[in-house]
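> For reference, the file entry_35.cif (mmCIF, C-alpha atoms) is included below:
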data_final
#
loop_
_atom_site.label_atom_id
_atom_site.label_comp_id
_atom_site.auth_asym_id
_atom_site.auth_seq_id
_atom_site.Cartn_x
_atom_site.Cartn_y
_atom_site.Cartn_z
CA MET A 1 158.15 111.99 -19.81
CA ASN A 2 161.00 112.04 -22.31
CA TYR A 3 163.15 114.76 -20.74
CA PRO A 4 166.04 116.50 -22.55
CA ASP A 5 169.43 115.04 -21.61
CA TYR A 6 167.98 112.84 -18.81
CA GLY A 7 165.82 110.48 -20.84
CA TYR A 8 162.70 109.00 -19.24
CA VAL A 9 161.61 110.72 -16.02
CA TRP A 10 158.45 110.37 -13.94
CA GLN A 11 156.09 112.61 -12.01
CA PRO A 12 153.55 111.36 -9.47
CA ASN A 13 149.91 112.34 -9.71
CA THR A 14 149.84 114.45 -6.55
CA ASP A 15 148.76 117.92 -5.48
CA ALA A 16 150.66 120.87 -6.96
CA ASP A 17 152.40 121.57 -3.63
CA PHE A 18 154.07 118.14 -3.59
CA LYS A 19 157.69 118.18 -2.48
CA PRO A 20 159.89 115.06 -2.33
CA TYR A 21 161.13 114.06 1.12
CA ALA A 22 158.64 116.42 2.73
CA THR A 23 155.07 115.61 1.68
CA ASN A 24 153.21 112.67 3.23
CA GLY A 25 156.02 110.99 5.14
CA ASN A 26 158.52 111.23 7.98
CA TRP A 27 162.11 110.52 8.98
CA VAL A 28 163.23 107.50 10.97
CA TYR A 29 166.75 106.75 12.09
CA SER A 30 168.01 103.32 11.03
CA ASP A 31 171.34 101.52 10.86
CA TYR A 32 171.70 103.13 7.40
CA GLY A 33 171.28 106.65 8.78
CA TRP A 34 168.27 108.94 8.38
CA THR A 35 165.74 107.04 6.29
CA TRP A 36 162.65 108.46 4.60
CA SER A 37 159.45 106.57 5.42
CA SER A 38 156.83 107.51 2.84
CA ASP A 39 153.07 107.15 3.20
CA TYR A 40 152.61 106.93 -0.58
CA SER A 41 152.00 103.42 -1.90
CA TRP A 42 154.72 103.98 -4.50
CA GLY A 43 157.15 105.62 -2.06
CA TRP A 44 159.43 102.58 -1.76
CA ALA A 45 160.87 103.37 -5.19
CA PRO A 46 161.50 107.06 -5.98
CA PHE A 47 162.59 108.06 -2.46
CA HIS A 48 165.25 105.35 -2.32
CA TYR A 49 166.34 104.86 -5.94
CA GLY A 50 167.19 107.64 -8.40
CA ARG A 51 167.11 111.41 -7.94
CA TRP A 52 164.53 114.20 -7.84
CA PHE A 53 164.98 117.53 -9.62
CA TYR A 54 162.86 120.63 -10.12
CA ASP A 55 161.71 121.88 -13.52
CA ASN A 56 160.26 125.39 -13.76
CA SER A 57 157.48 124.27 -16.10
CA TYR A 58 156.52 120.90 -14.59
CA GLY A 59 157.61 121.01 -10.96
CA TRP A 60 159.31 118.03 -9.28
CA LEU A 61 160.35 115.13 -11.52
CA TRP A 62 162.11 111.88 -10.73
CA MET A 63 164.94 110.31 -12.72
CA PRO A 64 165.19 106.54 -12.03
CA GLY A 65 168.39 105.02 -10.72
CA HIS A 66 169.87 101.67 -9.71
CA ASP A 67 171.37 102.44 -6.29
CA TRP A 68 169.34 102.08 -3.08
CA ALA A 69 169.88 104.53 -0.23
CA PRO A 70 167.88 105.56 2.85
CA ALA A 71 167.30 108.88 1.07
CA TRP A 72 168.99 110.81 -1.73
CA VAL A 73 169.28 114.15 0.07
CA THR A 74 171.88 116.49 1.47
CA TRP A 75 171.73 117.75 5.05
CA SER A 76 172.50 120.91 7.00
CA GLN A 77 172.18 122.46 10.46
CA SER A 78 171.25 126.00 11.48
CA GLY A 79 171.18 126.48 15.23
CA ASP A 80 168.54 124.10 16.61
CA TYR A 81 167.15 123.49 13.11
CA TYR A 82 168.09 120.64 10.79
CA GLY A 83 167.49 120.85 7.04
CA TRP A 84 167.51 118.56 4.05
CA ALA A 85 167.10 118.95 0.28
CA PRO A 86 166.88 116.51 -2.66
CA VAL A 87 170.11 115.83 -4.54
CA PRO A 88 169.50 116.11 -8.30
CA PRO A 89 170.90 113.73 -10.93
CA ARG A 90 174.63 113.69 -11.61
CA VAL A 91 175.56 115.60 -8.46
CA GLU A 92 178.31 114.13 -6.27
CA LEU A 93 177.65 114.35 -2.56
CA ASN A 94 181.25 115.03 -1.55
CA ASN A 95 181.82 118.16 -3.64
CA ASN A 96 180.90 121.81 -2.96
CA TRP A 97 177.44 121.64 -4.51
CA ARG A 98 174.67 123.41 -2.59
CA PRO A 99 170.89 123.23 -3.19
CA ARG A 100 168.72 126.16 -4.10
CA ASN A 101 167.45 128.02 -1.03
CA GLU A 102 163.84 127.12 -1.87
CA ASP A 103 164.65 123.38 -1.94
CA TRP A 104 165.60 123.22 1.73
CA ASN A 105 163.22 121.87 4.37
CA PHE A 106 164.00 122.95 7.94
CA VAL A 107 162.49 121.69 11.18
CA GLN A 108 163.49 122.05 14.78
CA ALA A 109 165.48 119.11 16.08
CA ASN A 110 162.66 117.87 18.32
CA ASN A 111 160.27 117.72 15.31
CA ILE A 112 162.44 115.78 12.89
CA THR A 113 160.83 112.37 13.52
CA TYR A 114 157.23 113.64 13.65
CA ASN A 115 154.65 112.05 11.35
CA ASN A 116 153.81 114.26 8.35
CA VAL A 117 156.90 116.29 9.14
CA ASN A 118 155.95 118.75 6.40
CA ARG A 119 153.52 120.38 8.84
CA TYR A 120 156.49 121.49 10.94
CA VAL A 121 158.74 122.70 8.14
CA VAL A 122 159.90 126.31 8.48
CA LYS A 123 159.64 127.94 5.04
CA ASN A 124 161.34 131.02 3.62
CA ASN A 125 163.17 131.83 6.84
CA VAL A 126 166.16 133.86 5.65
CA THR A 127 167.81 133.83 9.07
CA VAL A 128 167.83 130.03 9.20
CA ILE A 129 169.06 129.66 5.61
CA ASN A 130 171.88 132.19 6.03
CA ARG A 131 173.26 130.36 9.08
CA ILE A 132 173.39 126.83 7.71
CA THR A 133 176.36 124.51 7.96
CA ILE A 134 176.39 121.65 5.45
CA ILE A 135 176.59 118.21 7.06
CA ASN A 136 178.94 116.03 5.01
CA ASN A 137 178.33 112.73 6.77
CA VAL A 138 178.89 110.83 3.54
CA THR A 139 179.05 107.05 3.71
CA ASN A 140 180.76 104.65 1.34
CA ASN A 141 178.49 101.81 2.34
CA ASN A 142 179.74 98.35 1.53
CA VAL A 143 177.07 96.53 -0.42
CA THR A 144 175.56 93.43 1.17
CA ASN A 145 172.72 91.07 0.35
CA ASN A 146 173.78 90.93 -3.32
CA TYR A 147 173.37 94.69 -3.79
CA THR A 148 176.05 95.22 -6.44
CA VAL A 149 175.59 98.81 -7.49
CA ASN A 150 178.90 99.76 -9.10
CA ASN A 151 182.38 98.47 -9.83
CA ASN A 152 183.50 99.07 -6.25
CA ASN A 153 180.46 97.36 -4.71
CA THR A 154 179.70 100.53 -2.75
CA VAL A 155 176.99 103.15 -2.74
CA ILE A 156 177.70 106.69 -1.62
CA TYR A 157 175.01 108.64 0.23
CA ASN A 158 174.66 111.13 3.09
CA ARG A 159 173.66 109.52 6.40
CA GLY A 160 172.60 112.91 7.76
CA PRO A 161 173.23 114.38 11.21
CA ARG A 162 174.56 112.11 13.91
CA VAL A 163 171.70 110.91 16.04
CA ASN A 164 173.46 111.89 19.29
CA ASP A 165 173.79 115.46 18.05
CA VAL A 166 170.08 115.63 17.17
CA GLU A 167 169.15 114.22 20.57
CA ASN A 168 171.32 116.80 22.35
CA VAL A 169 169.93 119.72 20.36
CA GLY A 170 166.31 118.58 20.50
CA HIS A 171 166.47 117.27 24.10
CA ASN A 172 164.65 114.06 23.23
CA LYS A 173 165.53 110.41 22.73
CA ILE A 174 165.34 109.01 19.18
CA GLN A 175 164.52 105.33 18.81
CA GLN A 176 166.56 103.59 16.12
CA VAL A 177 164.57 101.34 13.79
CA LYS A 178 165.62 98.26 11.87
CA ILE A 179 165.06 97.91 8.13
CA ASN A 180 163.74 94.57 6.93
CA GLU A 181 163.13 93.41 3.38
CA GLY A 182 159.57 93.37 2.06
CA ALA A 183 158.45 90.71 -0.41
CA ARG A 184 156.23 92.94 -2.56
CA PRO A 185 156.12 96.62 -3.63
CA GLY A 186 155.29 98.87 -0.73
CA GLN A 187 156.44 99.62 2.79
CA SER A 188 155.06 99.45 6.30
CA PHE A 189 156.15 100.26 9.83
CA LYS A 190 155.49 98.01 12.82
CA ASN A 191 157.26 96.74 15.93
CA ASN A 192 159.96 99.36 15.44
CA GLN A 193 160.80 97.95 12.03
CA LEU A 194 160.54 99.59 8.62
CA ILE A 195 159.59 96.82 6.21
CA ILE A 196 160.36 98.02 2.72
CA TYR A 197 160.51 96.49 -0.74
CA ARG A 198 164.13 96.80 -1.86
CA PRO A 199 164.71 94.86 -5.08
CA LEU A 200 168.05 94.55 -6.81
CA ILE A 201 167.92 96.83 -9.86
CA LYS A 202 170.26 95.49 -12.50
CA GLN A 203 171.81 97.91 -14.93
CA ASN A 204 171.77 96.53 -18.45
CA VAL A 205 174.18 97.87 -21.05
CA GLN A 206 172.06 98.69 -24.08
CA GLN A 207 172.15 100.84 -27.13
CA ALA A 208 170.22 104.11 -26.88
CA ASN A 209 167.62 102.97 -29.41
CA ASP A 210 167.08 99.72 -27.49
CA LYS A 211 166.22 101.39 -24.18
CA PRO A 212 162.91 100.03 -22.84
CA ALA A 213 160.14 102.62 -22.83
CA PRO A 214 157.23 103.05 -20.40
CA ARG A 215 153.81 102.27 -21.83
CA LYS A 216 152.78 105.93 -21.73
CA VAL A 217 155.29 108.64 -22.59
CA MET A 218 154.84 112.36 -23.20
CA ASN A 219 157.42 114.70 -24.63
CA TYR A 220 158.83 117.61 -22.66
CA ASN A 221 157.31 120.94 -23.68
CA ASN A 222 159.03 123.96 -22.19
CA ASP A 223 156.74 126.79 -23.21
CA GLY A 224 157.06 128.83 -20.04
CA ARG A 225 153.88 127.68 -18.30
CA GLN A 226 154.19 126.76 -14.65
CA ASN A 227 153.44 123.33 -13.22
CA GLN A 228 152.19 121.52 -16.30
CA ARG A 229 151.67 118.44 -14.22
CA PRO A 230 151.14 115.44 -16.55
CA GLY A 231 148.78 113.71 -14.14
CA ASN A 232 146.56 116.74 -13.65
CA MET A 233 146.67 118.67 -16.91
CA GLN A 234 147.91 116.31 -19.61
CA GLY A 235 145.22 113.63 -19.65
CA GLY A 236 146.50 111.56 -16.72
CA ILE A 237 144.27 109.62 -14.34
CA LYS A 238 142.80 111.62 -11.49
CA THR A 239 143.03 110.24 -7.96
CA THR A 240 141.32 111.25 -4.76
CA ASP A 241 144.11 109.85 -2.60
CA PRO A 242 147.60 110.89 -3.81
CA GLY A 243 149.02 107.62 -2.56
CA ARG A 244 146.52 105.41 -4.37
CA ALA A 245 145.39 105.09 -7.94
CA THR A 246 141.69 104.86 -8.66
CA ASN A 247 142.08 102.35 -11.43
CA PRO A 248 144.07 99.12 -11.52
CA ALA A 249 145.96 100.02 -14.68
CA SER A 250 147.45 103.17 -13.21
CA LYS A 251 148.25 101.38 -9.97
CA THR A 252 150.32 98.88 -11.90
CA GLU A 253 152.10 101.61 -13.80
CA ASN A 254 153.12 103.28 -10.53
CA ARG A 255 155.06 100.13 -9.64
CA GLU A 256 156.90 99.84 -12.92
CA ILE A 257 160.31 101.46 -13.10
CA SER A 258 162.23 101.60 -16.32
CA SER A 259 165.82 102.68 -15.99
#
Write the structure described by the file as structure tokens, please.

Amino acid sequence: MNYPDYGYVWQPNTDADFKPYATNGNWVYSDYGWTWSSDYSWGWAPFHYGRWFYDNSYGWLWMPGHDWAPAWVTWSQSGDYYGWAPVPPRVELNNNWRPRNEDWNFVQANNITYNNVNRYVVKNNVTVINRITIINNVTNNNVTNNYTVNNNNTVIYNRGPRVNDVENVGHNKIQQVKINEGARPGQSFKNNQLIIYRPLIKQNVQQANDKPAPRKVMNYNNDGRQNQRPGNMQGGIKTTDPGRATNPASKTENREISS
């Protein structure tokens, strides 16, 4: 979609209740901090590069980016609950920005690593939301393995709550996993390793009219309707499994990222 001020953004063909960093996935703790492990075939890309934001007419949309992180979210704690929320484009993690209340996902500490963690999310709990403390465990991670992401060769993201704190609150031991590079788009988990495709995304300096365009683009239409999901209502390809496309052409398009 050609979105005002942001340029090209993308929306997955999922159910209307889709929520980034909540639906169809779970958290693992790695040497990079809390890392989102998605069960979607395309999850290696939009949960680790770029930012998600909410549009009142279309729902959740993703703006591509060049920097890899374990997850582009902010974190908080409320008693024995931990919460996270997507960080939208152009928001700095070390300022006083705070997500909308409805963007938070809260789970008890002992549920944070559960598969399909969305099943355990506490929603619309005013008491939990009103007691939150923002966790500013922001990391200026030195780039390795040829990951040059900016002039300082660093990428700034929030590692999330310290694993020892989560273990103490939840009274359970959390096994740290190792991230290994995958050779092709996708991700898998085995032998306590998260194998994930993590390509180097080079940022090319181009004129605005030379910016590469996706093969299929629709224009943003803010006419007040709710959840005009392009994949479901605008002629997109239907799928029975939200993580898989039913036709090879759309499966290829899911893997293409134009920044």
> List the spatial neighbours of Trp75 of chain A as an MDAnalysis selection string - criterion: any atom at most 9 Å away, all atoms listed in the file, same-chain residues fewer than 6 positions off excluded.
chainID A and resid 82:85 104 133:137 158:161
> Select, from A:Tyr220, A:Phe106, A:Phe53, A:Phe47, the residue with the minimum atom-to-atom distance to Ser76 of chain A, counting only C-alpha atoms.
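Between A:Tyr220, A:Phe106, A:Phe53, A:Phe47, the residue approaching Ser76 of chain A most closely is A:Phe106.
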> Could you expand the PyMOL selection byres ((chain A and resi 73) around 6) into the explicit residues it covers here, written as an NGL selection string?
:A and (71-72 or 74 or 85-87)
> Counting only C-alpha atoms, which residues sit no farther than 7 Å from the position (176.8, 112.5, -2.0) in the file's frame? I'd like them as a PyMOL selection string.
chain A and resi 92-94+138+156-158
> Using all atoms listed in the file, which of the listed residues (A:Ser30, A:Asn116, A:Ser41, A:Asn24) sits closest to Tyr197 of chain A?
A:Ser41
> To one decimal place, how far is atom CA of Gln11 of chain A from atom CA of Trp62 of chain A in Å?
6.2 Å
> Can you list, as a PDB file with C-alpha atoms, keeping the file's coordinate frame, every protein, DNA or RNA residue that comes within 10 Å of Glu102 of chain A when you count all atoms listed in the file, leaving out same-chain residues fewer than 5 positions away?

ATOM      1  CA  ALA A  85     167.100 118.950   0.280  1.00  0.00           C
ATOM      2  CA  LYS A 123     159.640 127.940   5.040  1.00  0.00           C
ATOM      3  CA  ASN A 124     161.340 131.020   3.620  1.00  0.00           C
ATOM      4  CA  ASN A 125     163.170 131.830   6.840  1.00  0.00           C
ATOM      5  CA  ILE A 129     169.060 129.660   5.610  1.00  0.00           C
TER       6      ILE A 129
END
> Which value, in Å to one decimal, gives the distance between atom CA of Ala69 of chain A and atom CA of His48 of chain A?
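Result for atom CA of Ala69 of chain A versus atom CA of His48 of chain A: 5.1 Å, one decimal.
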> Rank nothing, just name the residue among A:Leu200, A:Leu194, A:Val107, A:Val155 nearest to Trp36 of chain A, using only C-alpha atoms.
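Ranking A:Leu200, A:Leu194, A:Val107, A:Val155 by distance to Trp36 of chain A, first place goes to A:Leu194.
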> To one decimal in Å, tell me the separation between atom CA of Ala22 of chain A and atom CA of Val9 of chain A.
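Those two atoms sit 19.8 Å apart.
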> Find, counting only C-alpha atoms, the residue in A:Thr113, A:Asn56, A:Ser37, A:Asn105 that gets nearest to Asn172 of chain A.
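Distance minimum relative to Asn172 of chain A lands on A:Thr113.
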> Evaluate the PyMOL selection byres ((chain A and resi 186) around 7) against this structure - the residues, as an NGL selection string, please.
:A and (41-42 or 44 or 184-185 or 187 or 196-197)
> So, with all atoms listed in the file as the atoms that count, which of A:Asp5, A:Glu167, A:Pro20, A:Tyr58 lies closest to Asn221 of chain A?
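Between A:Asp5, A:Glu167, A:Pro20, A:Tyr58, the residue approaching Asn221 of chain A most closely is A:Tyr58.
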> Could you give me, as a list in words, the residues within 10 Å of Tyr114 of chain A, counting all atoms listed in the file and dropping anything in the same chain fewer than 6 positions from it?
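Near neighbours after the sequence-gap exclusion: Gly25, Asn26, Trp27, Val28, Val107 and Tyr120 of chain A.
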> For Pro70 of chain A, which residue out of A:Arg131, A:Lys19, A:Lys173, A:Arg198 is the nearest one, using all atoms listed in the file?
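Of A:Arg131, A:Lys19, A:Lys173, A:Arg198, the one nearest Pro70 of chain A, counting all atoms listed in the file, is A:Arg198.
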> For this file, the PyMOL selection byres ((chain A and resi 189) around 10) selects which residues, as JSON, numbers by chain?
{"A": [37, 177, 178, 179, 180, 187, 188, 190, 191, 192, 193, 194, 195, 196]}
